[in-house]
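*Asks:* Quick one: this structure, given as structure tokens, is what I'll be asking you about.
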Amino acid sequence: MFESLLEELIGSADGIQARGEGIAFLKVAQSVYPLTTTTYLGLNIPLGAERKRFVQCVYADSWVKYCVSRDPIGLSRLASLALTLPAPLDWSALAETPETGKLLSYARAETIGRQILSMPLRPIVGETAIFFVGAGMPADDWHGQKKAIQREFQVLASYFHQHILRIYGNDAESQILVSARELDCLKWVAAGKTAWEASVILGISERTVRFHLNAAREKLNCLTTTQAVAKAVSQQLIEC
């Protein structure tokens, strides 16, 4: 979706490396929600004091692009993304203007059309990060579901962003604590309840329960919910 954008940011396609697999976290999110694509763009992620370089990475449901720049990406090079930086943006609401031309050209390059929502993420170590979701659905359906998707993905994307920072050695423990709602979901799964049964007990949707369980797995560095439950019990986060 953003290969041409990456080339603009890096300055050369030679600096972009392709990876064969995407991130399971995004695949799960995409399977739970009515989306055709989920994409993460992280810029100016520091690699550490010994290597004073910055990483740019785009993760999507089925591919990964990894890039390295020796210098931070400045605001002047982010001009094509300027509209996406201040607040969540529904691209389908954009009118044709010189300022929106770049974004709309990215949207047209996709079969999903213009049903794209971008959400900037709060910086933790001076980075810039944006999360994108896209859906192949009629405009009326999109407008009906957009609010819920934005609300839940704002949290989900934040979790994922923290995961990316940990990969590159920027661990912020205070930012990745398992929330009380996530522990509630783990507790009921530990008691033998299904995600649907837990949703009825907690008064939330089954989709939201799965969302919280997935977030808990990521925070606890577990591949399965069973492992997350066992780890939460061993750390006395929940009682079994």
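Order determines the names: the first chain of the structure tokens is A, the second B, and so forth; residues in each chain are numbered 1 upward, and ligands are numbered 1 upward as they are shown.
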Report the residues of range 21-78 of chain A whose backbone DSSP state falls under strand (DSSP E or B), written as a list of chain:residue names.

*Replies:*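 DSSP on the backbone gives strand (DSSP E or B) at A:Thr37, A:Thr38, A:Thr39, A:Tyr40, A:Leu41, A:Gly42, A:Leu43, A:Asn44, A:Ile45, A:Pro46, A:Phe54, A:Val55, A:Gln56, A:Cys57, A:Val58, A:Tyr59, A:Ala60, A:Val64, A:Lys65, A:Tyr66, A:Cys67, A:Val68, A:Ser69.
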
*Asks:* As a PyMOL selection string, which residues of range 3-240 of chain A does DSSP assign to helix (DSSP H, G or I)?

*Replies:* chain A and resi 3-10+13-15+24-32+75-84+91-93+101-108+139-167+173-175+180-190+195-202+206-219+225-234

*Asks:* Quick one: residues within 12 Å of Ala232 in chain A, only C-alpha atoms counted, chain neighbours fewer than 3 positions away excluded, as number ranges by chain?

*Replies:* A: 177-179, 182-187, 189-190, 213, 216-217, 219-222, 225-229, 235-240

*Asks:* Would you list the contacts of range 155-162 of chain A as a PyMOL selection string, taking every protein, DNA or RNA residue within 9 Å and counting only C-alpha atoms, but skipping same-chain residues closer than 2 positions in sequence?

*Replies:* chain A and resi 25-26+29+40+42+119+121-122+124+129-131+150-153+164-167+170-172+175-176+211-212+215+218-219

*Asks:* Between CA of Thr36 in chain A and CA of Gly134 in chain A, what is the distance, to one decimal in Å?

*Replies:*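 Those two atoms sit 5.8 Å apart.
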
*Asks:* So, counting only C-alpha atoms, which residue among A:Ser205, A:Gln56, A:Thr194, A:Thr97 is closest to Leu6 in chain A?

*Replies:*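 Smallest distance to Leu6 in chain A is found for A:Gln56.
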
*Asks:* Between CA of Gly136 in chain A and CA of Ile116 in chain A, what is the distance, to one decimal in Å?

*Replies:*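 These atoms are spaced 9.2 Å apart.
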
*Asks:* Give me the residues within 10 Å of Ser92 in chain A as a VMD selection string, counting only C-alpha atoms and dropping any in the same chain fewer than 6 places off.

*Replies:* chain A and resid 104 107 113 to 117 139 142 to 143

*Asks:* Write the selection just made, keeping N, CA and C atoms, as a PDB file, in the first residue's frame?

*Replies:*
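Output file again-v6.pdb is given in full below:
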ATOM      1  N   LEU A 104      -4.855  10.425  -1.531  1.00  0.00           N
ATOM      2  CA  LEU A 104      -5.842   9.798  -2.383  1.00  0.00           C
ATOM      3  C   LEU A 104      -5.195   8.910  -3.438  1.00  0.00           C
ATOM      4  N   ALA A 107      -4.620   5.656  -1.786  1.00  0.00           N
ATOM      5  CA  ALA A 107      -5.875   4.922  -1.644  1.00  0.00           C
ATOM      6  C   ALA A 107      -6.291   4.275  -2.961  1.00  0.00           C
ATOM      7  N   GLY A 113     -10.227   0.770  -2.386  1.00  0.00           N
ATOM      8  CA  GLY A 113     -10.769   2.082  -2.687  1.00  0.00           C
ATOM      9  C   GLY A 113     -10.372   3.103  -1.643  1.00  0.00           C
ATOM     10  N   ARG A 114     -11.326   3.941  -1.244  1.00  0.00           N
ATOM     11  CA  ARG A 114     -10.991   5.033  -0.345  1.00  0.00           C
ATOM     12  C   ARG A 114     -11.442   4.772   1.093  1.00  0.00           C
ATOM     13  N   GLN A 115     -11.834   3.551   1.432  1.00  0.00           N
ATOM     14  CA  GLN A 115     -12.274   3.269   2.798  1.00  0.00           C
ATOM     15  C   GLN A 115     -11.048   2.993   3.671  1.00  0.00           C
ATOM     16  N   ILE A 116     -10.373   4.059   4.050  1.00  0.00           N
ATOM     17  CA  ILE A 116      -9.154   3.951   4.839  1.00  0.00           C
ATOM     18  C   ILE A 116      -9.259   4.879   6.038  1.00  0.00           C
ATOM     19  N   LEU A 117      -8.837   4.373   7.186  1.00  0.00           N
ATOM     20  CA  LEU A 117      -8.800   5.177   8.399  1.00  0.00           C
ATOM     21  C   LEU A 117      -7.380   5.140   8.940  1.00  0.00           C
ATOM     22  N   ALA A 139     -19.993   2.539   1.401  1.00  0.00           N
ATOM     23  CA  ALA A 139     -19.799   3.711   2.254  1.00  0.00           C
ATOM     24  C   ALA A 139     -20.745   3.728   3.440  1.00  0.00           C
ATOM     25  N   TRP A 142     -19.494   1.382   6.024  1.00  0.00           N
ATOM     26  CA  TRP A 142     -18.257   1.921   6.599  1.00  0.00           C
ATOM     27  C   TRP A 142     -18.560   2.985   7.648  1.00  0.00           C
ATOM     28  N   HIS A 143     -19.442   3.892   7.322  1.00  0.00           N
ATOM     29  CA  HIS A 143     -19.764   4.959   8.269  1.00  0.00           C
ATOM     30  C   HIS A 143     -20.459   4.406   9.500  1.00  0.00           C
TER      31      HIS A 143
END

*Asks:* Given the choices A:Gly101, A:Val133, A:Ile10, A:Ala18, which gets closest to Thr38 in chain A if the distance is worked out from only C-alpha atoms?

*Replies:*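 Answer, going by the shortest atom-to-atom distance: A:Val133.
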
*Asks:* Can you pull out the residues contacting Ile16 in chain A? Cut-off 10 Å, using only C-alpha atoms, and skip same-chain residues under 6 positions away; I want them as a list in words.

*Replies:*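 Once the adjacent positions are removed, what remains is Glu3, Leu6, Glu7, Ile10, Gln56, Cys57, Val64, Lys65, Tyr66, Cys67, Val68 and Ser69 of chain A.
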
*Asks:* Would you export the selected residues with C-alpha atoms as a PDB file, in the first residue's frame, please?

*Replies:*
ATOM      1  CA  GLU A   3       5.774   1.213  -1.151  1.00  0.00           C
ATOM      2  CA  LEU A   6       8.663   4.360   1.648  1.00  0.00           C
ATOM      3  CA  GLU A   7      10.790   5.154  -1.368  1.00  0.00           C
ATOM      4  CA  ILE A  10      14.163   6.599   2.395  1.00  0.00           C
ATOM      5  CA  GLN A  56      11.364   2.668   9.550  1.00  0.00           C
ATOM      6  CA  CYS A  57       9.126  -0.354   9.242  1.00  0.00           C
ATOM      7  CA  VAL A  64       6.842  -6.667   5.994  1.00  0.00           C
ATOM      8  CA  LYS A  65       9.072  -3.887   4.731  1.00  0.00           C
ATOM      9  CA  TYR A  66      12.076  -2.961   6.837  1.00  0.00           C
ATOM     10  CA  CYS A  67      14.199   0.121   6.183  1.00  0.00           C
ATOM     11  CA  VAL A  68      17.109   1.838   7.893  1.00  0.00           C
ATOM     12  CA  SER A  69      18.052   5.505   7.649  1.00  0.00           C
TER      13      SER A  69
END
